[in-house]
$ cat data00.csv   # CSV, C-alpha atoms and all ligand atoms
chain,number,residue,atom,x,y,z
A,6,MET,CA,19.3,-30.9,-4.0
A,7,THR,CA,20.6,-28.2,-1.8
A,8,ALA,CA,23.8,-26.3,-1.5
A,9,THR,CA,25.1,-26.5,2.1
A,10,SER,CA,26.9,-23.2,1.7
A,11,ARG,CA,26.3,-22.0,5.2
A,12,THR,CA,27.5,-25.1,7.0
A,13,PRO,CA,30.9,-24.9,8.6
A,14,ARG,CA,33.7,-25.4,6.1
A,15,PRO,CA,36.1,-28.3,6.4
A,16,GLU,CA,39.5,-27.3,7.8
A,17,PRO,CA,41.9,-26.2,5.1
A,18,ARG,CA,44.1,-29.0,4.1
A,19,SER,CA,46.6,-29.6,1.5
A,20,GLY,CA,48.4,-32.5,-0.1
A,21,SER,CA,47.3,-35.1,-2.5
A,22,GLY,CA,46.0,-37.6,0.2
A,23,ASP,CA,42.8,-35.6,0.8
A,24,ASP,CA,39.3,-36.4,-0.4
A,25,PRO,CA,38.6,-34.5,-3.6
A,26,VAL,CA,36.9,-31.1,-3.2
A,27,LEU,CA,35.9,-31.3,-6.9
A,28,SER,CA,35.3,-34.4,-9.0
A,29,VAL,CA,34.6,-34.1,-12.7
A,30,ALA,CA,33.8,-37.4,-14.5
A,31,GLY,CA,33.0,-38.0,-18.1
A,32,LEU,CA,32.2,-34.3,-18.8
A,33,SER,CA,31.1,-33.8,-22.4
A,34,ILE,CA,29.8,-30.5,-23.8
A,35,GLY,CA,28.2,-29.8,-27.1
A,36,THR,CA,25.4,-28.2,-29.1
A,37,ALA,CA,22.6,-30.0,-30.8
A,38,ARG,CA,24.9,-30.3,-33.8
A,39,GLN,CA,28.4,-30.5,-32.5
A,40,ASN,CA,30.4,-32.1,-29.8
A,41,LEU,CA,32.8,-29.5,-28.3
A,42,VAL,CA,34.3,-31.2,-25.2
A,43,SER,CA,34.6,-35.0,-24.8
A,44,ASP,CA,34.9,-37.1,-21.7
A,45,VAL,CA,36.8,-34.7,-19.4
A,46,SER,CA,37.6,-36.3,-16.0
A,47,PHE,CA,39.8,-34.9,-13.2
A,48,THR,CA,39.7,-34.4,-9.5
A,49,LEU,CA,41.0,-31.6,-7.3
A,50,THR,CA,42.1,-31.9,-3.7
A,51,PRO,CA,41.8,-29.0,-1.2
A,52,GLY,CA,44.5,-26.4,-1.9
A,53,GLU,CA,45.7,-28.1,-5.1
A,54,ARG,CA,46.6,-25.8,-8.0
A,55,VAL,CA,45.9,-27.2,-11.5
A,56,GLY,CA,46.7,-25.6,-14.8
A,57,LEU,CA,44.3,-26.2,-17.7
A,58,ILE,CA,46.4,-25.7,-20.8
A,59,GLY,CA,45.4,-25.8,-24.4
A,60,GLU,CA,45.3,-23.9,-27.6
A,61,SER,CA,42.5,-21.5,-28.5
A,62,GLY,CA,39.2,-23.4,-29.1
A,63,SER,CA,40.4,-26.6,-27.2
A,64,GLY,CA,37.5,-26.4,-24.8
A,65,LYS,CA,39.1,-24.9,-21.6
A,66,SER,CA,36.5,-22.1,-21.1
A,67,LEU,CA,33.5,-24.3,-21.8
A,68,THR,CA,34.8,-26.7,-19.3
A,69,ALA,CA,35.1,-24.0,-16.6
A,70,LEU,CA,31.7,-22.5,-17.5
A,71,ALA,CA,30.1,-26.0,-17.2
A,72,LEU,CA,31.5,-26.3,-13.7
A,73,MET,CA,30.0,-23.0,-12.8
A,74,GLY,CA,26.7,-23.8,-14.5
A,75,LEU,CA,27.2,-20.8,-16.8
A,76,LEU,CA,27.1,-22.5,-20.3
A,77,PRO,CA,25.4,-20.5,-23.0
A,78,GLU,CA,21.8,-21.6,-23.6
A,79,ASP,CA,22.4,-23.6,-26.7
A,80,VAL,CA,25.3,-25.5,-25.2
A,81,HIS,CA,24.7,-28.6,-23.0
A,82,ALA,CA,26.8,-30.7,-20.7
A,83,ARG,CA,26.6,-34.4,-19.7
A,84,GLY,CA,28.6,-36.2,-17.1
A,85,THR,CA,29.0,-35.5,-13.4
A,86,VAL,CA,30.5,-32.6,-11.4
A,87,ARG,CA,30.6,-33.1,-7.7
A,88,LEU,CA,31.6,-30.4,-5.2
A,89,ALA,CA,32.3,-31.3,-1.6
A,90,GLY,CA,29.6,-30.1,0.7
A,91,VAL,CA,27.0,-29.8,-2.1
A,92,GLU,CA,24.6,-32.7,-2.7
A,93,GLY,CA,24.2,-34.2,-6.1
A,94,ASN,CA,25.5,-33.6,-9.6
A,95,LEU,CA,26.1,-29.8,-10.3
A,96,LEU,CA,25.3,-30.4,-14.0
A,97,THR,CA,21.7,-31.4,-13.2
A,98,SER,CA,21.2,-29.1,-10.2
A,99,PRO,CA,18.5,-26.4,-10.2
A,100,GLU,CA,19.5,-22.8,-10.6
A,101,ARG,CA,18.9,-22.0,-7.0
A,102,THR,CA,21.6,-24.5,-6.0
A,103,LEU,CA,24.0,-23.1,-8.6
A,104,SER,CA,23.4,-19.5,-7.4
A,105,ALA,CA,24.2,-20.6,-3.9
A,106,VAL,CA,27.4,-22.2,-5.0
A,107,ARG,CA,28.6,-19.5,-7.4
A,108,GLY,CA,30.6,-16.8,-5.7
A,109,ASP,CA,30.6,-18.8,-2.5
A,110,ARG,CA,31.9,-22.4,-2.7
A,111,MET,CA,33.1,-21.9,-6.3
A,112,ALA,CA,34.2,-18.6,-7.8
A,113,MET,CA,35.6,-17.5,-11.1
A,114,VAL,CA,37.9,-14.7,-12.4
A,115,PHE,CA,37.4,-14.0,-16.1
A,116,GLN,CA,39.8,-12.5,-18.6
A,117,GLU,CA,37.9,-9.3,-19.0
A,118,PRO,CA,36.7,-7.9,-15.7
A,119,MET,CA,34.4,-5.3,-17.2
A,120,THR,CA,32.0,-8.0,-18.4
A,121,ALA,CA,31.7,-9.3,-14.8
A,122,LEU,CA,31.6,-6.1,-12.9
A,123,ASN,CA,28.6,-3.9,-12.7
A,124,PRO,CA,29.6,-0.6,-14.3
A,125,VAL,CA,27.2,1.6,-12.3
A,126,MET,CA,27.9,0.2,-8.8
A,127,ARG,CA,30.9,1.3,-6.7
A,128,VAL,CA,33.4,-1.6,-6.4
A,129,GLY,CA,33.3,-1.7,-2.6
A,130,HIS,CA,29.6,-2.2,-2.8
A,131,GLN,CA,30.0,-5.0,-5.3
A,132,VAL,CA,32.6,-6.8,-3.1
A,133,ALA,CA,30.4,-6.3,0.0
A,134,GLU,CA,27.4,-7.7,-1.9
A,135,VAL,CA,29.0,-11.0,-2.5
A,136,MET,CA,29.5,-11.5,1.2
A,137,LEU,CA,26.0,-10.3,2.1
A,138,VAL,CA,24.2,-12.4,-0.5
A,139,HIS,CA,25.8,-15.6,0.7
A,140,GLY,CA,25.4,-14.7,4.4
A,141,ARG,CA,29.1,-14.4,5.0
A,142,ALA,CA,28.8,-10.9,6.6
A,143,PRO,CA,26.3,-10.3,9.3
A,144,GLU,CA,25.2,-6.8,8.0
A,145,ARG,CA,26.0,-4.1,5.5
A,146,ARG,CA,28.5,-2.1,7.5
A,147,ALA,CA,30.6,-5.1,8.4
A,148,ALA,CA,30.5,-6.3,4.8
A,149,ARG,CA,31.7,-2.8,3.6
A,150,ARG,CA,34.6,-3.0,6.1
A,151,ALA,CA,35.5,-6.5,5.0
A,152,ALA,CA,35.4,-5.3,1.4
A,153,VAL,CA,37.9,-2.6,2.1
A,154,ASP,CA,40.1,-5.2,3.9
A,155,LEU,CA,39.9,-7.5,0.9
A,156,LEU,CA,40.7,-4.7,-1.6
A,157,GLY,CA,43.8,-4.1,0.6
A,158,ARG,CA,44.6,-7.8,0.5
A,159,VAL,CA,44.8,-7.7,-3.3
A,160,ARG,CA,47.1,-4.8,-2.9
A,161,LEU,CA,45.0,-2.0,-4.4
A,162,PRO,CA,46.6,1.2,-3.4
A,163,ASP,CA,44.2,3.2,-1.2
A,164,PRO,CA,41.7,0.4,-0.7
A,165,ALA,CA,39.1,2.8,0.9
A,166,GLY,CA,39.3,5.1,-2.1
A,167,ALA,CA,39.2,2.1,-4.5
A,168,ALA,CA,36.0,0.9,-2.7
A,169,ARG,CA,34.3,4.2,-3.5
A,170,ALA,CA,35.4,4.1,-7.2
A,171,TYR,CA,33.3,2.9,-10.1
A,172,PRO,CA,34.9,0.2,-12.3
A,173,HIS,CA,35.7,2.6,-15.2
A,174,GLN,CA,37.7,4.8,-12.8
A,175,LEU,CA,40.2,1.9,-12.3
A,176,SER,CA,42.9,0.5,-14.6
A,177,GLY,CA,42.5,-2.9,-16.2
A,178,GLY,CA,44.9,-4.4,-13.6
A,179,GLN,CA,43.1,-2.8,-10.7
A,180,ARG,CA,39.7,-4.1,-12.0
A,181,GLN,CA,41.2,-7.6,-12.2
A,182,ARG,CA,42.3,-7.2,-8.6
A,183,VAL,CA,38.7,-6.2,-7.7
A,184,MET,CA,37.5,-9.4,-9.4
A,185,LEU,CA,40.0,-11.5,-7.5
A,186,ALA,CA,38.8,-9.8,-4.2
A,187,MET,CA,35.2,-10.7,-5.1
A,188,ALA,CA,36.2,-14.2,-6.0
A,189,LEU,CA,38.2,-14.7,-2.7
A,190,ALA,CA,35.6,-12.9,-0.5
A,191,ASN,CA,33.9,-16.1,0.7
A,192,GLU,CA,37.0,-18.3,0.7
A,193,PRO,CA,35.7,-20.6,-2.0
A,194,ALA,CA,36.5,-24.3,-2.1
A,195,VAL,CA,37.4,-23.9,-5.8
A,196,LEU,CA,38.7,-20.8,-7.7
A,197,LEU,CA,38.5,-20.9,-11.5
A,198,CYS,CA,40.7,-18.4,-13.3
A,199,ASP,CA,40.2,-18.1,-17.0
A,200,GLU,CA,43.2,-16.4,-18.6
A,201,PRO,CA,43.0,-13.7,-15.9
A,202,THR,CA,46.3,-12.1,-16.9
A,203,THR,CA,46.1,-12.2,-20.7
A,204,ALA,CA,44.9,-8.7,-21.1
A,205,LEU,CA,47.4,-7.2,-18.7
A,206,ASP,CA,50.9,-5.9,-19.4
A,207,VAL,CA,53.8,-8.1,-18.3
A,208,THR,CA,54.6,-6.4,-15.0
A,209,VAL,CA,51.0,-6.3,-13.9
A,210,GLN,CA,50.6,-9.9,-15.0
A,211,ALA,CA,53.4,-11.0,-12.7
A,212,GLN,CA,51.8,-9.1,-9.7
A,213,MET,CA,48.4,-10.7,-10.5
A,214,LEU,CA,49.9,-14.2,-10.6
A,215,GLU,CA,51.5,-13.6,-7.2
A,216,LEU,CA,48.2,-12.3,-5.8
A,217,ILE,CA,46.3,-15.4,-7.1
A,218,SER,CA,49.0,-17.7,-5.6
A,219,SER,CA,49.0,-16.0,-2.3
A,220,GLY,CA,45.2,-15.6,-2.3
A,221,VAL,CA,44.7,-19.4,-2.4
A,222,ALA,CA,47.8,-20.3,-0.3
A,223,GLY,CA,46.9,-21.6,3.1
A,224,SER,CA,43.2,-21.2,2.7
A,225,GLY,CA,42.5,-24.7,1.3
A,226,THR,CA,41.1,-23.1,-1.9
A,227,ALA,CA,41.8,-25.3,-4.9
A,228,LEU,CA,42.7,-23.5,-8.1
A,229,VAL,CA,42.0,-24.3,-11.7
A,230,PHE,CA,44.1,-21.9,-13.8
A,231,ILE,CA,43.2,-21.7,-17.5
A,232,THR,CA,45.9,-20.5,-19.8
A,233,HIS,CA,47.8,-21.3,-23.0
A,234,ASP,CA,51.0,-20.0,-21.3
A,235,LEU,CA,53.2,-22.7,-20.0
A,236,ALA,CA,55.5,-20.4,-18.0
A,237,VAL,CA,52.4,-19.2,-16.1
A,238,VAL,CA,51.4,-22.8,-15.3
A,239,ALA,CA,55.0,-23.5,-14.2
A,240,THR,CA,54.8,-20.4,-11.9
A,241,VAL,CA,51.4,-21.0,-10.3
A,242,CYS,CA,50.4,-24.7,-10.6
A,243,GLU,CA,51.6,-28.0,-9.4
A,244,ARG,CA,49.6,-30.2,-11.8
A,245,ALA,CA,48.8,-29.7,-15.4
A,246,LEU,CA,46.0,-30.9,-17.6
A,247,VAL,CA,46.6,-30.4,-21.3
A,248,MET,CA,43.5,-30.1,-23.6
A,249,TYR,CA,43.5,-30.6,-27.3
A,250,GLY,CA,40.5,-30.8,-29.5
A,251,GLY,CA,38.1,-30.9,-26.6
A,252,ARG,CA,39.8,-33.7,-24.8
A,253,ILE,CA,42.4,-34.0,-22.0
A,254,VAL,CA,45.4,-35.5,-23.8
A,255,GLU,CA,48.0,-35.3,-21.1
A,256,ALA,CA,47.9,-34.8,-17.3
A,257,GLY,CA,50.4,-35.0,-14.5
A,258,PRO,CA,52.7,-33.0,-12.2
A,259,VAL,CA,53.8,-29.8,-14.0
A,260,ARG,CA,57.4,-30.8,-13.7
A,261,ASP,CA,56.8,-34.0,-15.6
A,262,VAL,CA,54.5,-32.5,-18.2
A,263,LEU,CA,57.0,-29.7,-19.0
A,264,SER,CA,60.2,-31.7,-18.8
A,265,ARG,CA,58.9,-34.9,-20.5
A,266,PRO,CA,55.9,-33.9,-22.6
A,267,ARG,CA,54.3,-36.9,-24.2
A,268,HIS,CA,51.7,-35.5,-26.5
A,269,PRO,CA,52.9,-33.8,-29.7
A,270,TYR,CA,50.7,-30.7,-28.9
A,271,THR,CA,52.5,-30.3,-25.6
A,272,ARG,CA,55.8,-30.7,-27.2
A,273,GLY,CA,54.9,-28.1,-29.8
A,274,LEU,CA,53.7,-25.7,-27.1
A,275,LEU,CA,57.0,-26.0,-25.3
A,276,ASP,CA,59.0,-25.4,-28.4
A,277,ALA,CA,56.9,-22.3,-29.2
A,278,SER,CA,56.8,-20.8,-25.7
A,279,ASP,CA,58.5,-17.7,-24.6
A,280,LEU,CA,62.0,-17.7,-23.4
A,281,ASP,CA,61.9,-17.2,-19.7
A,282,ALA,CA,64.2,-17.8,-16.9
A,283,THR,CA,64.2,-17.2,-13.2
A,284,ASP,CA,66.6,-15.1,-11.3
A,285,GLU,CA,68.0,-16.3,-7.9
A,286,ARG,CA,65.0,-14.8,-6.1
A,287,GLY,CA,62.7,-17.0,-8.2
A,288,GLN,CA,61.3,-14.2,-10.3
A,289,LEU,CA,60.4,-15.1,-13.9
A,290,ARG,CA,62.3,-13.0,-16.4
A,291,THR,CA,62.4,-13.1,-20.1
A,292,ILE,CA,65.8,-13.7,-21.4
A,293,ALA,CA,66.9,-12.6,-24.8
A,294,GLY,CA,70.2,-13.6,-26.3
A,295,SER,CA,72.3,-14.7,-23.4
A,296,VAL,CA,72.7,-16.9,-20.4
A,297,PRO,CA,71.9,-14.7,-17.3
A,298,ALA,CA,74.6,-14.0,-14.9
A,299,ALA,CA,75.6,-17.0,-12.7
A,300,GLY,CA,73.4,-17.5,-9.7
A,301,ARG,CA,72.1,-20.7,-8.2
A,302,PHE,CA,68.5,-21.5,-8.8
A,303,PRO,CA,66.8,-22.7,-5.6
A,304,GLU,CA,66.3,-26.4,-5.1
A,305,GLY,CA,63.4,-27.9,-7.0
A,306,CYS,CA,63.7,-25.9,-10.3
A,307,VAL,CA,62.3,-27.7,-13.3
A,308,PHE,CA,64.1,-27.4,-16.5
A,309,ARG,CA,63.4,-28.6,-20.0
A,310,ASN,CA,66.7,-29.9,-20.9
A,311,ARG,CA,70.3,-29.7,-19.9
A,312,CYS,CA,72.2,-26.5,-19.8
A,313,PRO,CA,75.6,-25.9,-21.3
A,314,ARG,CA,76.5,-24.3,-17.9
A,315,ALA,CA,74.8,-27.0,-15.8
A,316,ASP,CA,77.4,-27.1,-13.0
A,317,SER,CA,76.8,-23.5,-11.9
A,318,GLN,CA,73.0,-23.6,-11.7
A,319,CYS,CA,70.2,-25.3,-9.9
A,320,ALA,CA,71.3,-27.6,-7.1
A,321,ALA,CA,68.4,-30.0,-7.5
A,322,ALA,CA,68.3,-30.1,-11.3
A,323,PRO,CA,71.5,-28.8,-12.8
A,324,ALA,CA,70.1,-28.0,-16.2
A,325,TRP,CA,68.9,-25.2,-18.3
A,326,ALA,CA,66.8,-25.2,-21.4
A,327,GLY,CA,68.5,-23.8,-24.4
A,328,THR,CA,66.1,-22.8,-27.2
A,329,GLY,CA,67.7,-20.7,-29.9
A,330,THR,CA,68.7,-17.4,-28.4
A,331,GLY,CA,67.4,-17.9,-24.9
A,332,TYR,CA,66.9,-20.2,-22.0
A,333,THR,CA,63.8,-21.4,-20.2
A,334,CYS,CA,63.5,-22.4,-16.6
A,335,TRP,CA,60.2,-23.9,-15.5
A,336,HIS,CA,60.2,-23.0,-11.9
A,337,PRO,CA,57.3,-22.9,-9.4
A,338,VAL,CA,58.2,-19.5,-7.9
A,339,GLU,CA,56.3,-19.4,-4.7
A,340,ARG,CA,57.7,-22.6,-3.3
A,341,HIS,CA,61.1,-21.2,-3.0
A,342,GLU,CA,60.4,-17.8,-1.4
A,401,LIG,N1,27.9,-21.1,-27.8
A,401,LIG,C1,28.6,-21.8,-28.6
A,401,LIG,N2,28.1,-22.5,-29.7
A,401,LIG,C2,28.8,-23.2,-30.5
A,401,LIG,N3,30.2,-23.5,-30.3
A,401,LIG,C3,30.8,-22.8,-29.3
A,401,LIG,C4,30.0,-22.0,-28.4
A,401,LIG,N4,30.9,-21.6,-27.4
A,401,LIG,C5,32.1,-22.1,-27.8
A,401,LIG,N5,32.0,-22.8,-28.9
A,401,LIG,C6,33.1,-23.6,-29.5
A,401,LIG,O1,33.6,-24.6,-28.6
A,401,LIG,C7,35.0,-24.7,-28.7
A,401,LIG,C8,35.7,-24.6,-27.4
A,401,LIG,O2,35.6,-23.2,-27.0
A,401,LIG,P1,36.3,-22.7,-25.7
A,401,LIG,O3,35.9,-21.2,-25.5
A,401,LIG,O4,36.0,-23.6,-24.5
A,401,LIG,O5,37.8,-22.8,-26.1
A,401,LIG,P2,39.1,-22.3,-25.2
A,401,LIG,O6,40.0,-23.4,-25.2
A,401,LIG,O7,38.7,-21.7,-23.9
A,401,LIG,O8,39.7,-21.2,-26.2
A,401,LIG,P3,40.3,-19.7,-25.9
A,401,LIG,O9,41.7,-20.0,-25.3
A,401,LIG,O10,40.3,-19.1,-27.2
A,401,LIG,O11,39.4,-19.0,-24.9
A,401,LIG,C9,35.5,-23.7,-29.8
A,401,LIG,O12,35.6,-24.4,-31.0
A,401,LIG,C10,34.3,-22.7,-29.8
A,401,LIG,O13,34.2,-22.1,-31.1
$ encode --input "data00.csv" --output "structure tokens" --more "lines below"
Ligand SMILES: Nc1ncnc2c1ncn2[C@@H]1O[C@H](COP(=O)(O)OP(=O)(O)OP(=O)(O)O)[C@@H](O)[C@H]1O
Amino acid sequence: MTATSRTPRPEPRSGSGDDPVLSVAGLSIGTARQNLVSDVSFTLTPGERVGLIGESGSGKSLTALALMGLLPEDVHARGTVRLAGVEGNLLTSPERTLSAVRGDRMAMVFQEPMTALNPVMRVGHQVAEVMLVHGRAPERRAARRAAVDLLGRVRLPDPAGAARAYPHQLSGGQRQRVMLAMALANEPAVLLCDEPTTALDVTVQAQMLELISSGVAGSGTALVFITHDLAVVATVCERALVMYGGRIVEAGPVRDVLSRPRHPYTRGLLDASDLDATDERGQLRTIAGSVPAAGRFPEGCVFRNRCPRADSQCAAAPAWAGTGTGYTCWHPVERHE
């Protein structure tokens, strides 16, 4: 089996009518003694953004690691994982195929960037290396220039200076941007993000989410975004897969899953989630204690239930969610900007 990573890429496409870029069927993961993930199946079309939601220990990270061929040694996967442009089942592919795929056709951003960055290599060099290794840049100098461009694209201030820095000289949020730049360097077919904002403070989190959304927008890169935060899924994703106890227990468009959750776990998650609302520009804001000043929400907002002030709010879905002292609006931000 070989990875065809240097063949021309299909034109970026979006919409659900496309052939899947990733097909996962009957994925089960376990150790010799224990089953950890059971019978996970889903497909991703080019450009699609899917949120993988679930409580701690539900099997989200293992699922992503299995797709990347990065499971720990004592953990094994069965089933099939097919990536467009790559022959055969990734789960049974040799390491050389997986190394050609990783960082190229499929890339991952982890929660803690220090574990993924080389501490003794300047970050510009690390970003350039990803392009050189996969033959995406013709030579070192072009790769370095492209690396600085990419660091600018993820909005690092002074990208040339950042390129010369070592990881420890950057903040956590800046290091996470470097990871995103590396992940996007070769315009992957699939980007896996495993809780990439959990360790960041709220403002930096919002910037990172926007960068991820804009990073994949228009490139045809499909996104799997792992989180236990429903507001994040509502912001970034169009489809949600809910995992519980190693299985997918609920799947569907984000709007449906969040407004009409069927599984008790999803309902519980909604009840326990933060109280967020969006302002008229579509920015998520945490609301404590009161209904925010009147302002129409853009068409297409998704709300959990009806608002006491329904008539003055969203044109498409005149409703708010009232939960105790605050209100929740499930609103895919970028579609309305
Ligand atoms: N190497 C391993 N050996 C045995 N069990 C493991 C191993 N790695 C993970 N597990 C177990 O598999 C289950 C799923 O873990 P996983 O990391 O995928 O959960 P998760 O949903 O990503 O959780 P979190 O949100 O906390 O990251 C957990 O019960 C975990 O303890």
$ closest_residue --input "data00.csv" --among "A:Ile253, A:Leu57, A:Leu235, A:Val241" --to "A:Val42" --atoms "all atoms listed in the file"
A:Ile253
$ atom_distance --input "data00.csv" --atom1 "atom CA of A:Thr85" --atom2 "atom CA of A:Thr102"
15.2 Å
$ closest_atom_pairs --input "data00.csv" --of "chain A" --to "ligand LIG 401 (chain A)" --cutoff "8 Å" --atoms "only C-alpha atoms and all ligand atoms" --output "tab-separated table"
residue	atom	partner	partner_atom	distance
A:Gly35	CA	A:LIG401	N3	7.3
A:Thr36	CA	A:LIG401	C2	6.2
A:Gln39	CA	A:LIG401	N3	7.6
A:Leu41	CA	A:LIG401	O1	5.0
A:Val42	CA	A:LIG401	C8	7.1
A:Gly59	CA	A:LIG401	O6	6.0
A:Glu60	CA	A:LIG401	O9	5.8
A:Ser61	CA	A:LIG401	O10	3.5
A:Gly62	CA	A:LIG401	O5	3.4
A:Ser63	CA	A:LIG401	O6	3.8
A:Gly64	CA	A:LIG401	O4	3.2
A:Lys65	CA	A:LIG401	O7	4.0
A:Ser66	CA	A:LIG401	O7	3.6
A:Leu67	CA	A:LIG401	O4	3.7
A:Thr68	CA	A:LIG401	O4	6.2
A:Ala69	CA	A:LIG401	O4	8.0
A:Leu76	CA	A:LIG401	N1	7.7
A:Pro77	CA	A:LIG401	N1	5.4
A:Glu78	CA	A:LIG401	N1	7.4
A:Asp79	CA	A:LIG401	N1	6.1
A:Val80	CA	A:LIG401	N1	5.7
A:Asp199	CA	A:LIG401	O7	7.9
A:Glu200	CA	A:LIG401	O9	7.8
A:Ile231	CA	A:LIG401	O7	7.8
A:Thr232	CA	A:LIG401	O9	6.9
A:His233	CA	A:LIG401	O9	6.6
A:Met248	CA	A:LIG401	O6	7.7
A:Gly251	CA	A:LIG401	C8	6.8
$ residues_around --input "data00.csv" --residues "A:Val125" --least-positions-apart "5" --cutoff "12 Å" --atoms "all atoms listed in the file" --output "list in words"
Met119, His130, Gln131, Arg169, Ala170, Tyr171, Pro172, His173 and Gln174 of chain A
$ atom_distance --input "data00.csv" --atom1 "atom CA of A:Gly225" --atom2 "atom CA of A:Arg150"
23.6 Å
$ residues_near_point --input "data00.csv" --point "(39.4, 1.9, -10.2)" --cutoff "12 Å" --atoms "all atoms listed in the file" --output "ChimeraX atom specification"
/A:118-119,122,124,126-129,156,161-184
$ closest_residue --input "data00.csv" --among "A:Gly31, A:Ile58, A:Val26, A:Ala105" --to "A:Leu246" --atoms "only C-alpha atoms"
A:Ile58
$ atom_distance --input "data00.csv" --atom1 "atom CA of A:Arg101" --atom2 "atom CA of A:Ala148"
22.8 Å
$ residues_around --input "data00.csv" --residues "stretch 81-83 of chain A" --least-positions-apart "2" --cutoff "6 Å" --atoms "only C-alpha atoms" --output "PyMOL selection string"
chain A and resi 32-35
$ residues_around --input "data00.csv" --residues "A:His268" --least-positions-apart "2" --cutoff "7 Å" --atoms "all atoms listed in the file" --output "JSON list (two decimals) with C-alpha atoms, in the frame of the given file"
[["chain", "number", "residue", "atom", "x", "y", "z"],
["A", 254, "VAL", "CA", 45.40, -35.50, -23.80],
["A", 255, "GLU", "CA", 48.00, -35.30, -21.10],
["A", 266, "PRO", "CA", 55.90, -33.90, -22.60],
["A", 270, "TYR", "CA", 50.70, -30.70, -28.90],
["A", 271, "THR", "CA", 52.50, -30.30, -25.60],
["A", 272, "ARG", "CA", 55.80, -30.70, -27.20]]
$ residues_around --input "data00.csv" --residues "A:Val221" --least-positions-apart "6" --cutoff "9 Å" --atoms "only C-alpha atoms" --output "list in words"
Gly52, Arg54, Leu189, Glu192, Leu196, Ala227 and Leu228 of chain A
$ residues_near_point --input "data00.csv" --point "(33.7, -41.9, -8.6)" --cutoff "10 Å" --atoms "all atoms listed in the file" --output "PyMOL selection string"
chain A and resi 28-30+48+85+87
$ write_last_selection --input "data00.csv" --atoms "C-alpha atoms" --output "PDB file, in the frame of the given file"
ATOM      1  CA  SER A  28      35.300 -34.400  -9.000  1.00  0.00           C
ATOM      2  CA  VAL A  29      34.600 -34.100 -12.700  1.00  0.00           C
ATOM      3  CA  ALA A  30      33.800 -37.400 -14.500  1.00  0.00           C
ATOM      4  CA  THR A  48      39.700 -34.400  -9.500  1.00  0.00           C
ATOM      5  CA  THR A  85      29.000 -35.500 -13.400  1.00  0.00           C
ATOM      6  CA  ARG A  87      30.600 -33.100  -7.700  1.00  0.00           C
TER       7      ARG A  87
END
$ closest_residue --input "data00.csv" --among "A:Leu197, A:Gln116, A:Arg252, A:Val132" --to "A:Ala71" --atoms "all atoms listed in the file"
A:Leu197
$ residues_around --input "data00.csv" --residues "A:Asn191" --least-positions-apart "2" --cutoff "8 Å" --atoms "only C-alpha atoms" --output "ChimeraX atom specification"
/A:108-110,135-136,141,188-189,193
$ closest_residue --input "data00.csv" --among "A:Val55, A:Met111, A:Met73, A:Ala37" --to "A:Ser218" --atoms "all atoms listed in the file"
A:Val55
$ closest_residue --input "data00.csv" --among "A:Ala121, A:Ala190, A:Ala245, A:Leu95" --to "A:His139" --atoms "only C-alpha atoms"
A:Ala190
$ build_atoms --input "data00.csv" --residues "stretch 180-190 of chain A" --atoms "N, CA and C atoms" --output "tab-separated table (two decimals), in the coordinates of the input"
chain	number	residue	atom	x	y	z
A	180	ARG	N	41.05	-3.41	-11.91
A	180	ARG	CA	39.70	-4.10	-12.00
A	180	ARG	C	39.89	-5.58	-11.83
A	181	GLN	N	40.98	-6.12	-12.38
A	181	GLN	CA	41.20	-7.60	-12.20
A	181	GLN	C	41.45	-7.90	-10.75
A	182	ARG	N	42.08	-7.00	-10.01
A	182	ARG	CA	42.30	-7.20	-8.60
A	182	ARG	C	40.93	-7.19	-7.84
A	183	VAL	N	40.06	-6.30	-8.28
A	183	VAL	CA	38.70	-6.20	-7.70
A	183	VAL	C	37.99	-7.57	-7.90
A	184	MET	N	38.10	-8.10	-9.14
A	184	MET	CA	37.50	-9.40	-9.40
A	184	MET	C	38.03	-10.48	-8.55
A	185	LEU	N	39.35	-10.43	-8.33
A	185	LEU	CA	40.00	-11.50	-7.50
A	185	LEU	C	39.48	-11.29	-6.04
A	186	ALA	N	39.36	-10.04	-5.58
A	186	ALA	CA	38.80	-9.80	-4.20
A	186	ALA	C	37.44	-10.37	-4.08
A	187	MET	N	36.61	-10.15	-5.09
A	187	MET	CA	35.20	-10.70	-5.10
A	187	MET	C	35.26	-12.21	-5.04
A	188	ALA	N	36.15	-12.78	-5.86
A	188	ALA	CA	36.20	-14.20	-6.00
A	188	ALA	C	36.69	-14.87	-4.66
A	189	LEU	N	37.60	-14.15	-3.96
A	189	LEU	CA	38.20	-14.70	-2.70
A	189	LEU	C	37.32	-14.36	-1.50
A	190	ALA	N	36.33	-13.48	-1.68
A	190	ALA	CA	35.60	-12.90	-0.50
A	190	ALA	C	35.06	-13.99	0.40
